[in-house]
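my_file.txt (compact mmCIF, C-alpha atoms)
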```txt
# COMPACT_ATOMS: atom_id res chain seq x y z
CA MET A 17 27.38 -6.20 18.78
CA ILE A 18 29.84 -8.99 18.22
CA ILE A 19 32.67 -9.72 20.64
CA LYS A 20 35.44 -12.20 19.87
CA VAL A 21 38.34 -13.04 22.17
CA GLN A 22 40.53 -15.52 20.37
CA GLN A 23 44.03 -16.88 19.97
CA GLU A 24 43.95 -17.17 16.17
CA ASP A 25 44.68 -14.31 13.79
CA PHE A 26 41.92 -12.49 11.93
CA GLU A 27 41.63 -10.88 8.52
CA PRO A 28 40.11 -7.40 9.00
CA MET A 29 38.49 -7.07 5.57
CA ALA A 30 36.99 -10.57 5.82
CA GLU A 31 35.55 -9.68 9.24
CA MET A 32 33.97 -6.53 7.81
CA ALA A 33 32.56 -8.37 4.79
CA ALA A 34 31.13 -11.16 6.95
CA TYR A 35 29.33 -8.83 9.36
CA PRO A 36 25.55 -9.45 9.45
CA VAL A 37 23.99 -7.03 6.96
CA ASP A 38 20.75 -6.70 8.93
CA ALA A 39 22.68 -5.41 11.97
CA ILE A 40 24.09 -2.48 9.97
CA ALA A 41 21.14 -1.62 7.72
CA GLY A 42 21.07 2.12 7.17
CA ALA A 43 24.78 2.58 7.79
CA GLY A 44 26.30 5.58 6.05
CA GLY A 45 29.79 4.51 6.99
CA SER A 46 32.07 2.53 9.23
CA VAL A 47 35.26 3.26 11.11
CA THR A 48 37.78 0.53 11.84
CA PHE A 49 40.86 0.47 14.05
CA ILE A 50 43.40 -2.35 13.76
CA GLY A 51 46.04 -2.59 16.48
CA THR A 52 49.25 -4.55 15.89
CA VAL A 53 52.23 -5.59 18.00
CA ARG A 54 54.97 -2.96 17.85
CA ASP A 55 58.57 -4.05 17.49
CA TYR A 56 59.71 -1.48 20.06
CA SER A 57 58.78 -0.08 23.46
CA GLU A 58 60.10 2.85 25.44
CA THR A 59 63.01 0.79 26.71
CA ALA A 60 63.87 -2.01 24.27
CA ASP A 61 63.11 -3.73 21.01
CA ILE A 62 60.23 -6.19 21.37
CA LEU A 63 60.80 -9.74 20.18
CA ALA A 64 57.30 -10.91 21.10
CA MET A 65 54.32 -10.12 23.29
CA GLU A 66 52.27 -12.49 25.40
CA ILE A 67 48.71 -11.47 26.16
CA GLU A 68 46.67 -13.13 28.88
CA HIS A 69 43.03 -12.57 29.74
CA TYR A 70 40.39 -13.61 32.24
CA PRO A 71 37.96 -15.82 30.24
CA GLY A 72 34.32 -14.93 30.78
CA MET A 73 35.11 -11.69 32.56
CA THR A 74 36.90 -10.32 29.50
CA GLU A 75 33.95 -10.94 27.21
CA ARG A 76 31.53 -9.42 29.73
CA GLU A 77 33.66 -6.28 30.02
CA LEU A 78 33.89 -5.91 26.24
CA GLU A 79 30.11 -6.32 26.01
CA ARG A 80 29.69 -3.67 28.70
CA ILE A 81 31.86 -1.12 26.92
CA SER A 82 30.17 -1.90 23.58
CA ALA A 83 26.78 -1.27 25.17
CA GLU A 84 28.11 1.96 26.69
CA ALA A 85 29.31 3.12 23.25
CA ALA A 86 25.85 2.40 21.84
CA ARG A 87 24.28 4.48 24.63
CA ARG A 88 26.67 7.41 24.18
CA TYR A 89 26.83 7.57 20.38
CA ASP A 90 24.32 7.16 17.58
CA ILE A 91 25.77 3.93 16.21
CA LEU A 92 24.10 0.95 14.60
CA ASP A 93 26.50 -1.76 15.76
CA SER A 94 30.05 -2.59 16.74
CA LEU A 95 32.59 -5.38 16.51
CA ILE A 96 35.51 -6.03 18.85
CA ILE A 97 38.09 -8.75 18.23
CA HIS A 98 40.98 -9.11 20.66
CA ARG A 99 43.67 -11.77 20.54
CA TYR A 100 45.56 -13.47 23.33
CA GLY A 101 48.57 -15.75 23.42
CA HIS A 102 52.08 -15.42 21.99
CA LEU A 103 52.25 -12.70 19.31
CA ALA A 104 55.12 -11.47 17.14
CA PRO A 105 55.78 -7.90 15.97
CA GLN A 106 53.26 -6.80 13.32
CA ASP A 107 50.73 -9.48 14.34
CA ASN A 108 47.17 -8.24 14.72
CA ILE A 109 46.13 -7.73 18.34
CA VAL A 110 42.81 -5.93 18.20
CA MET A 111 40.13 -4.81 15.78
CA VAL A 112 37.35 -2.39 16.61
CA ALA A 113 34.75 -1.60 13.95
CA VAL A 114 31.76 0.69 14.31
CA TRP A 115 28.89 1.32 11.90
CA SER A 116 26.68 4.41 12.02
CA ARG A 117 24.44 6.56 9.86
CA HIS A 118 26.97 9.43 9.99
CA ARG A 119 30.76 9.43 10.26
CA ALA A 120 31.15 11.56 13.39
CA ALA A 121 29.37 9.03 15.59
CA ALA A 122 31.42 6.17 14.14
CA PHE A 123 34.73 7.98 14.68
CA ASP A 124 33.81 9.02 18.24
CA ALA A 125 32.52 5.58 19.20
CA CYS A 126 35.56 3.80 17.76
CA ARG A 127 37.92 6.08 19.71
CA PHE A 128 35.84 5.59 22.87
CA LEU A 129 35.89 1.81 22.50
CA MET A 130 39.66 1.68 22.01
CA ASP A 131 40.36 4.09 24.87
CA VAL A 132 38.16 2.20 27.32
CA LEU A 133 39.28 -1.20 26.08
CA LYS A 134 42.95 -0.28 26.67
CA THR A 135 42.28 0.79 30.25
CA SER A 136 39.48 -1.41 31.59
CA ALA A 137 39.37 -4.75 29.76
CA PRO A 138 41.05 -7.54 31.75
CA PHE A 139 44.01 -8.23 29.45
CA TRP A 140 47.59 -8.47 30.68
CA LYS A 141 50.50 -7.87 28.31
CA LYS A 142 54.04 -9.11 28.75
CA GLU A 143 56.79 -7.76 26.48
CA ILE A 144 59.60 -10.15 25.62
CA THR A 145 62.87 -8.37 24.78
CA LEU A 146 66.57 -9.24 24.59
CA ALA A 147 66.89 -7.67 28.05
CA GLY A 148 64.20 -9.90 29.57
CA VAL A 149 60.48 -9.92 30.21
CA ARG A 150 58.39 -6.95 31.36
CA TRP A 151 54.72 -6.69 32.26
CA VAL A 152 53.12 -3.63 30.66
CA THR A 153 51.12 -1.58 33.15
CA ASP A 154 48.54 1.13 32.73
CA CYS A 155 49.65 4.40 31.21
CA PRO A 156 48.10 7.71 32.41
CA GLY A 157 48.11 9.02 28.82
CA CYS A 158 46.27 5.93 27.59
CA ARG A 159 43.77 6.28 30.44
CA ALA A 160 43.17 9.95 29.57
CA GLY A 161 42.36 9.02 25.98
CA GLY A 162 42.94 12.52 24.66
CA ARG A 163 42.37 13.29 21.00
CA GLU A 164 45.86 14.75 20.73
CA GLY A 165 47.56 11.48 21.61
CA HIS A 166 50.58 11.20 23.87
CA THR A 167 54.04 9.74 24.12
CA HIS A 168 55.31 7.12 26.51
CA LEU A 169 58.33 8.22 28.50
CA PRO A 170 60.95 5.59 29.31
CA TYR A 171 59.86 3.38 32.19
CA SER A 172 56.70 5.44 32.66
CA HIS A 173 54.39 2.44 32.51
CA VAL A 174 56.60 -0.66 32.39
CA ARG A 175 57.38 -2.81 35.42
CA THR A 176 60.47 -5.02 35.27
CA SER A 177 59.89 -8.58 36.47
```
Encoded form (structure tokens):
Amino acid sequence: MIIKVQQEDFEPMAEMAAYPVDAIAGAGGSVTFIGTVRDYSETADILAMEIEHYPGMTERELERISAEAARRYDILDSLIIHRYGHLAPQDNIVMVAVWSRHRAAAFDACRFLMDVLKTSAPFWKKEITLAGVRWVTDCPGCRAGGREGHTHLPYSHVRTS
């Protein structure tokens, strides 16, 4: 597993191409999720997002959830990249990639990693809008991680500062 918590942007295809071949020998496929900054929230247009993290603890938590994914699913390896700092709409925030012998395990593990990452990794997100600054808090739908997805209702998970 490779974990990267960084301020600089990343190029998803370059990250995939650079992954150590010996770590994914026997892979029949990979699944990748790329998360970007939205230009909207439930309450306002987003001008920027600031992401903070707890150095050391963040990496340990990402390692823990990667190890848990490896225990739960028949995967060969995984990659998590998460950015912090000042980000603009459409900037990359997160990349999760999973390699496995068969696609089902890769899809399931990738979804698991994103769902758990969104709810347990020590990152804090602040939305910057024309109306002011808001800290984004946990969303029950995100925590549930259902396959059907969910919608965010206005003010359902945003605290005004």
Worksheet item: In Å to one decimal, how far is atom CA of A:Thr135 from atom CA of A:Met65?
Response: 17.7 Å
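Distances to A:Leu63 were evaluated for A:Asp124, A:Asp131, A:Asp107, A:Glu79 using all atoms listed in the file, and the minimum falls at A:Asp107.
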Discussion item. Taking (56.5, -16.7, 18.5) as a centre in this file's frame and 10 Å as the limit, can you find every polymer residue with an atom that close, using all atoms listed in the file, and give them as number ranges by chain?
Written reply: A: 63-66, 101-105
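The shortest atom-to-atom distance to A:Asp55, with only C-alpha atoms taken into account, belongs to A:Ile144 out of A:Ile91, A:Val152, A:Ala137, A:Ile144.
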Fill in: Within 10 Å of file point (34.8, -3.3, 17.3), counting all atoms listed in the file, expressed as a list in words
Met17, Ile18, Ile19, Lys20, Val47, Thr48, Phe49, Ile50, Leu78, Ser82, Asp93, Ser94, Leu95, Ile96, Ile97, His98, Val110, Met111, Val112, Ala113, Val114, Trp115, Ala125, Cys126, Leu129 and Met130 of chain A
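With atom CA of A:Ala33 on one side and atom CA of A:Ser136 on the other, the separation reads 28.5 Å.
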Worksheet entry | Atom pair atom CA of A:Trp151 / atom CA of A:Gln22: separation (Å) | 20.5 Å
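Using all atoms listed in the file for every distance, the candidate list A:Met73, A:Leu92, A:Val149, A:Val37 yields A:Leu92 as the residue closest to A:Ala121.
Residue nearest A:Tyr56 within the list A:Pro138, A:Leu133, A:Ala34, A:Gln106: A:Gln106 [criterion: smallest interatomic distance, all atoms listed in the file].
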Discussion item. Considering all atoms listed in the file, can you say which of A:Thr153, A:Thr74, A:Thr59, A:Ser116 comes closest to A:Val21?
Written reply: A:Thr74
